[in-house]
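One file, target_12.cif, carrying mmCIF, C-alpha atoms and all ligand atoms:
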```cif
data_upload
loop_
_atom_site.label_atom_id
_atom_site.label_comp_id
_atom_site.auth_asym_id
_atom_site.auth_seq_id
_atom_site.Cartn_x
_atom_site.Cartn_y
_atom_site.Cartn_z
CA MET A 28 -21.79 -28.08 99.96
CA LYS A 29 -22.93 -26.01 102.89
CA MET A 30 -26.66 -26.63 102.97
CA GLN A 31 -27.93 -26.97 106.51
CA ILE A 32 -30.97 -29.23 106.80
CA VAL A 33 -33.32 -28.59 109.72
CA ARG A 34 -36.07 -31.14 110.28
CA ALA A 35 -39.39 -30.11 111.77
CA LYS A 36 -42.26 -32.28 112.95
CA ASP A 37 -44.91 -30.53 110.84
CA PRO A 38 -45.53 -27.32 108.82
CA GLU A 39 -46.31 -25.32 111.98
CA GLU A 40 -42.98 -26.19 113.56
CA ALA A 41 -41.22 -25.45 110.26
CA GLY A 42 -42.84 -22.00 110.36
CA ARG A 43 -41.64 -21.37 113.90
CA LEU A 44 -38.09 -22.44 113.07
CA ALA A 45 -38.08 -20.20 110.00
CA ALA A 46 -39.41 -17.34 112.14
CA ASP A 47 -36.40 -17.79 114.44
CA VAL A 48 -34.09 -17.23 111.46
CA PHE A 49 -36.08 -14.15 110.38
CA ALA A 50 -36.04 -12.76 113.93
CA ALA A 51 -32.27 -13.18 114.20
CA VAL A 52 -31.69 -11.33 110.92
CA ILE A 53 -34.11 -8.50 111.79
CA GLN A 54 -32.67 -8.09 115.28
CA ALA A 55 -29.09 -8.00 113.97
CA LYS A 56 -30.03 -5.51 111.22
CA PRO A 57 -33.31 -3.62 111.82
CA ALA A 58 -33.16 -2.09 108.31
CA CYS A 59 -32.57 -5.44 106.60
CA VAL A 60 -33.94 -6.42 103.19
CA LEU A 61 -36.07 -9.56 103.12
CA GLY A 62 -36.91 -11.48 99.94
CA LEU A 63 -40.40 -12.95 100.36
CA ALA A 64 -42.47 -15.72 98.78
CA THR A 65 -46.16 -16.47 98.39
CA GLY A 66 -48.01 -19.81 98.18
CA SER A 67 -49.16 -22.18 100.92
CA THR A 68 -45.75 -23.02 102.35
CA PRO A 69 -44.91 -19.66 104.02
CA LEU A 70 -48.30 -19.23 105.72
CA PRO A 71 -47.28 -20.74 109.11
CA LEU A 72 -44.15 -18.53 109.05
CA TYR A 73 -46.19 -15.40 108.29
CA ARG A 74 -48.67 -16.24 111.07
CA GLU A 75 -45.75 -16.58 113.48
CA LEU A 76 -44.17 -13.28 112.37
CA ILE A 77 -47.53 -11.52 112.84
CA ALA A 78 -47.85 -13.01 116.36
CA ARG A 79 -44.31 -11.97 117.35
CA ASN A 80 -44.93 -8.46 116.00
CA ALA A 81 -48.20 -8.22 117.96
CA ARG A 82 -46.38 -9.30 121.14
CA GLY A 83 -43.80 -6.56 120.57
CA GLU A 84 -40.98 -9.05 120.00
CA LEU A 85 -40.30 -8.18 116.38
CA ASP A 86 -40.18 -4.70 114.83
CA PHE A 87 -40.70 -4.26 111.08
CA SER A 88 -40.56 -0.43 111.06
CA GLY A 89 -37.17 -0.37 109.31
CA VAL A 90 -37.50 -3.60 107.31
CA ARG A 91 -37.70 -3.56 103.50
CA THR A 92 -39.15 -6.46 101.51
CA ALA A 93 -38.95 -7.55 97.86
CA ASN A 94 -41.21 -10.35 96.64
CA LEU A 95 -40.07 -13.09 94.33
CA ASP A 96 -42.78 -12.92 91.72
CA GLU A 97 -46.14 -11.79 90.38
CA TYR A 98 -48.56 -12.98 87.71
CA VAL A 99 -48.56 -10.98 84.48
CA GLY A 100 -51.94 -9.39 83.83
CA LEU A 101 -53.27 -9.30 87.39
CA ALA A 102 -53.86 -5.92 89.04
CA PRO A 103 -52.43 -5.46 92.55
CA ASP A 104 -55.90 -5.70 94.11
CA HIS A 105 -56.94 -8.80 92.12
CA PRO A 106 -57.91 -11.51 94.65
CA GLN A 107 -55.22 -13.87 93.31
CA SER A 108 -52.42 -11.35 92.81
CA TYR A 109 -49.32 -11.88 94.89
CA ARG A 110 -49.43 -8.23 96.04
CA ARG A 111 -52.87 -8.86 97.48
CA PHE A 112 -51.68 -12.16 99.01
CA MET A 113 -48.86 -10.32 100.80
CA GLN A 114 -51.17 -7.59 102.07
CA GLU A 115 -53.68 -10.09 103.43
CA ASN A 116 -51.27 -12.63 104.86
CA LEU A 117 -48.55 -10.38 106.24
CA PHE A 118 -48.20 -6.66 105.48
CA ASP A 119 -51.65 -5.54 106.71
CA HIS A 120 -50.94 -7.14 110.10
CA ILE A 121 -47.42 -5.90 110.92
CA ASN A 122 -45.82 -2.48 111.39
CA ILE A 123 -44.11 -2.37 108.00
CA ARG A 124 -44.18 0.82 105.92
CA PRO A 125 -46.09 0.34 102.63
CA GLU A 126 -43.34 2.13 100.69
CA ASN A 127 -40.85 -0.42 102.03
CA THR A 128 -42.55 -3.36 100.30
CA ILE A 129 -42.09 -4.12 96.62
CA VAL A 130 -43.71 -6.77 94.43
CA PRO A 131 -43.13 -6.94 90.66
CA ASP A 132 -45.84 -5.05 88.74
CA GLY A 133 -47.84 -7.57 86.72
CA LEU A 134 -49.57 -4.78 84.80
CA ALA A 135 -46.46 -2.87 83.69
CA ALA A 136 -46.76 -1.67 80.10
CA ASP A 137 -43.06 -2.35 79.57
CA ILE A 138 -42.30 -5.54 81.49
CA SER A 139 -38.57 -5.61 80.75
CA ALA A 140 -38.12 -2.00 81.92
CA MET A 141 -40.05 -2.88 85.09
CA CYS A 142 -37.80 -5.92 85.64
CA GLN A 143 -34.70 -3.74 85.32
CA ALA A 144 -36.12 -1.16 87.72
CA TYR A 145 -36.92 -3.96 90.18
CA GLU A 146 -33.30 -5.13 90.14
CA GLN A 147 -32.10 -1.54 90.56
CA LYS A 148 -34.34 -0.99 93.56
CA ILE A 149 -33.01 -4.12 95.28
CA ALA A 150 -29.44 -3.01 94.50
CA ALA A 151 -30.17 0.51 95.83
CA TRP A 152 -31.40 -1.08 99.05
CA GLY A 153 -28.04 -2.86 99.34
CA GLY A 154 -29.14 -6.33 98.20
CA ILE A 155 -31.19 -9.03 99.90
CA ASP A 156 -30.08 -10.08 103.38
CA LEU A 157 -32.43 -13.04 103.74
CA GLN A 158 -34.35 -14.71 100.92
CA LEU A 159 -37.29 -17.00 101.63
CA LEU A 160 -38.06 -19.75 99.12
CA GLY A 161 -40.55 -22.55 98.58
CA ILE A 162 -40.18 -25.16 95.84
CA GLY A 163 -42.59 -26.07 93.04
CA HIS A 164 -43.38 -29.68 92.09
CA ASP A 165 -41.30 -29.12 88.95
CA GLY A 166 -38.36 -27.82 91.00
CA HIS A 167 -38.97 -24.13 90.37
CA ILE A 168 -37.87 -21.43 92.80
CA GLY A 169 -39.63 -18.13 92.31
CA PHE A 170 -41.17 -18.84 88.92
CA ASN A 171 -37.89 -20.00 87.39
CA GLU A 172 -39.30 -22.95 85.52
CA PRO A 173 -37.34 -26.01 84.25
CA GLY A 174 -35.35 -25.15 81.15
CA ASP A 175 -32.03 -25.33 79.37
CA ALA A 176 -30.39 -22.53 81.34
CA PHE A 177 -30.42 -20.63 84.59
CA LEU A 178 -31.76 -17.16 83.77
CA VAL A 179 -29.92 -14.62 85.87
CA PRO A 180 -31.94 -11.38 86.17
CA THR A 181 -35.58 -10.65 86.97
CA HIS A 182 -37.55 -11.61 83.85
CA ARG A 183 -40.87 -12.62 82.37
CA THR A 184 -41.47 -16.37 82.28
CA VAL A 185 -44.07 -18.75 80.84
CA LEU A 186 -45.58 -20.98 83.51
CA THR A 187 -45.45 -24.75 83.01
CA GLU A 188 -48.63 -26.81 82.89
CA MET A 189 -47.56 -28.41 86.19
CA THR A 190 -47.38 -25.00 87.87
CA ARG A 191 -50.68 -23.82 86.41
CA THR A 192 -52.39 -27.03 87.55
CA ALA A 193 -50.88 -26.74 91.05
CA ASN A 194 -51.99 -23.11 91.36
CA ALA A 195 -55.45 -23.68 89.89
CA ARG A 196 -56.63 -24.42 93.46
CA PHE A 197 -56.67 -20.66 94.08
CA PHE A 198 -58.65 -19.78 90.93
CA ALA A 199 -62.15 -20.61 89.69
CA SER A 200 -60.64 -22.90 87.05
CA GLU A 201 -57.26 -23.74 85.51
CA ASN A 202 -58.16 -21.54 82.52
CA ASP A 203 -58.17 -18.53 84.84
CA VAL A 204 -54.55 -19.10 85.94
CA PRO A 205 -52.35 -16.57 84.11
CA THR A 206 -50.00 -18.13 81.56
CA SER A 207 -46.99 -15.99 82.46
CA ALA A 208 -45.38 -14.28 85.40
CA VAL A 209 -42.52 -12.01 86.34
CA THR A 210 -39.93 -13.58 88.60
CA MET A 211 -36.68 -12.68 90.25
CA GLY A 212 -33.97 -14.50 88.32
CA ILE A 213 -31.65 -17.18 89.61
CA GLY A 214 -28.91 -14.52 89.85
CA THR A 215 -31.13 -12.26 91.97
CA ILE A 216 -31.89 -15.17 94.31
CA MET A 217 -28.31 -16.44 94.48
CA ALA A 218 -27.04 -12.93 95.33
CA ALA A 219 -28.98 -13.02 98.63
CA ARG A 220 -26.61 -13.23 101.56
CA LYS A 221 -28.67 -15.90 103.27
CA ILE A 222 -31.41 -18.21 101.99
CA VAL A 223 -34.09 -20.12 103.88
CA MET A 224 -36.08 -22.65 101.91
CA ILE A 225 -39.14 -24.19 103.54
CA VAL A 226 -40.47 -27.45 102.10
CA THR A 227 -43.45 -29.25 103.61
CA GLY A 228 -45.62 -32.17 102.55
CA ARG A 229 -45.01 -35.62 101.07
CA ASP A 230 -45.88 -34.35 97.58
CA LYS A 231 -42.59 -32.37 97.65
CA ALA A 232 -40.35 -35.24 98.90
CA GLU A 233 -39.20 -36.48 95.47
CA ILE A 234 -38.49 -33.07 93.92
CA LEU A 235 -36.66 -32.05 97.11
CA ARG A 236 -34.46 -35.16 96.88
CA ARG A 237 -33.67 -34.38 93.26
CA ALA A 238 -32.85 -30.74 94.08
CA VAL A 239 -30.59 -31.57 97.00
CA CYS A 240 -29.00 -34.93 96.08
CA GLU A 241 -28.68 -34.90 92.28
CA PRO A 242 -26.26 -32.85 90.17
CA VAL A 243 -26.94 -29.13 89.67
CA ARG A 244 -28.85 -28.63 86.43
CA PRO A 245 -31.42 -26.20 84.97
CA ARG A 246 -34.06 -28.94 84.56
CA VAL A 247 -34.33 -28.71 88.37
CA GLN A 248 -33.79 -25.01 89.01
CA ALA A 249 -33.67 -25.39 92.81
CA SER A 250 -30.55 -27.55 92.45
CA ILE A 251 -28.55 -24.32 91.98
CA LEU A 252 -28.95 -23.76 95.74
CA GLN A 253 -26.27 -26.43 96.26
CA LEU A 254 -23.81 -23.74 95.13
CA HIS A 255 -24.95 -21.04 97.57
CA PRO A 256 -22.75 -20.60 100.66
CA ASP A 257 -25.54 -20.09 103.22
CA VAL A 258 -28.75 -22.07 102.68
CA THR A 259 -30.91 -23.38 105.50
CA LEU A 260 -33.45 -25.94 104.34
CA ILE A 261 -36.31 -26.32 106.81
CA CYS A 262 -38.50 -29.31 106.00
CA ASP A 263 -41.15 -31.29 107.78
CA GLU A 264 -40.94 -35.07 108.22
CA ALA A 265 -43.09 -35.79 105.16
CA ALA A 266 -40.97 -33.67 102.80
CA ALA A 267 -37.73 -35.04 104.25
CA GLU A 268 -38.71 -38.67 103.67
CA ARG A 269 -36.31 -39.19 100.76
CA LEU A 270 -33.38 -37.13 102.05
CA PRO A 271 -30.22 -38.69 103.50
CA GLN A 272 -30.03 -38.60 107.28
CA ARG A 273 -26.96 -36.38 107.42
CA ASN A 274 -26.46 -32.83 106.11
CA VAL A 275 -25.37 -32.72 102.49
C1 LIG B 1 -44.15 -18.14 95.30
C2 LIG B 1 -43.08 -18.83 94.58
C3 LIG B 1 -43.18 -20.28 94.24
C4 LIG B 1 -43.68 -21.17 95.40
C5 LIG B 1 -43.82 -22.61 94.94
C6 LIG B 1 -44.41 -23.48 96.04
O1 LIG B 1 -43.86 -16.77 95.45
O2 LIG B 1 -42.14 -18.20 94.22
O3 LIG B 1 -41.90 -20.74 93.85
O4 LIG B 1 -42.81 -21.07 96.48
O5 LIG B 1 -44.63 -22.66 93.81
O6 LIG B 1 -45.74 -23.10 96.27
P1 LIG B 1 -46.57 -23.68 97.49
O7 LIG B 1 -45.92 -23.16 98.73
O8 LIG B 1 -47.95 -23.11 97.32
O9 LIG B 1 -46.51 -25.17 97.39
#
```

Can I see the file as structure tokens?
Amino acid sequence: MKMQIVRAKDPEEAGRLAADVFAAVIQAKPACVLGLATGSTPLPLYRELIARNARGELDFSGVRTANLDEYVGLAPDHPQSYRRFMQENLFDHINIRPENTIVPDGLAADISAMCQAYEQKIAAWGGIDLQLLGIGHDGHIGFNEPGDAFLVPTHRTVLTEMTRTANARFFASENDVPTSAVTMGIGTIMAARKIVMIVTGRDKAEILRRAVCEPVRPRVQASILQLHPDVTLICDEAAAERLPQRNV
């Protein structure tokens, strides 16, 4: 296993350390392709990227980005859509070209055709250089929920009750959380040349231990990362509580 574990004091430090990895990739390849995530975990990273861009240290003019997932049924400008999240928390504040950012279309009339086109676009860009991940309490990455198999391509998925409850904090009520989403598949994620997973908070400590220390299995989708050749796991002290002291 080649997973590198980097321990940070708190979520802010985890964000700065992740920003260092992003900066190195962007500086080495100004037209790189970044795979991006939404949720609470990446917010310190996005704040740091915005600050470095504002200071002129980081240039996004050639960068392309592909997001992991989107809710089915939400329009791009819906307050809880992941497109809107990306605009508000990153894209509107950096010098990235709008046409260089893609997020799955949750309103597509033909979802499977849209999924195929999404894969083709990433392939046409030359594949993902650096993929950012968080982890769900049920072990999901993207919205690849626990199941009997690892689904390879971008696909439509039904959200688990655990995920809908966790994400209800962003909606008026749990009933308003969409029941399905489109997500990059495990194959799309595993094809990225480099992966950074950020995990913060004590509530993630047990699922992180299971993902990193237990055998690879589709009931804990993040466990597949044990098989990727270049994963950096950046976690704060609370999330790392149940991990072994040494790299695994
Ligand atoms: C988001 C995504 C999800 C989240 C995960 C953790 O695009 O793909 O896998 O990374 O649900 O969410 P937070 O960071 O809100 O705990």

Test item: which residues lie within 6 Å of (-55.6, -25.8, 86.9) counting all atoms listed in the file, as a ChimeraX atom specification: /A:191-192,195,200-201

- prompt: Which residue, A:Ala41, A:Ala249, A:Leu254, A:Ile261, has the smallest gap to ligand LIG 1 (chain B) when you use all atoms listed in the file?
  reply: A:Ala249

message: To check your reading of the model: which residues sit at most 8 Å from ligand LIG 1 (chain B) when counting only C-alpha atoms and all ligand atoms? Write the answer as a list in words.
response: Leu63, Ala64, Thr65, Gly66, Ser67, Thr68, Pro69, Asn94, Leu95, Asp96, Glu97, Tyr109, Leu160, Gly161, Ile162, Gly163, His164, His167, Ile168, Gly169, Phe170, Asn171, Thr190, Ala193, Asn194, Thr210 and Val226 of chain A

Exercise: Pro205 in chain A partners within 12 Å, all atoms listed in the file, chain neighbours under 2 positions left out, as a PyMOL selection string: chain A and resi 97-102+107-108+133+184-188+190-192+194-195+197-203+207-209

task: May I have the residues within 12 Å of Asp156 in chain A as JSON, numbers by chain, using all atoms listed in the file and disregarding those fewer than 5 positions away in the same chain?
output: {"A": [48, 49, 51, 52, 53, 55, 56, 57, 58, 59, 60, 61, 62, 63, 90, 91, 92, 93, 149, 150, 215, 216, 217, 218, 219, 220, 221, 222, 223, 257]}

- prompt: Quick one: residues within 8 Å of Arg236 in chain A, all atoms listed in the file counted, chain neighbours fewer than 5 positions away excluded, as a PyMOL selection string?
  reply: chain A and resi 241+269-270

- request: Show which residues sit within 7 Å of Ala265 in chain A, as JSON, numbers by chain. Count all atoms listed in the file, and ignore same-chain residues fewer than 2 positions away.
  value: {"A": [227, 228, 229, 232, 263, 267, 268]}
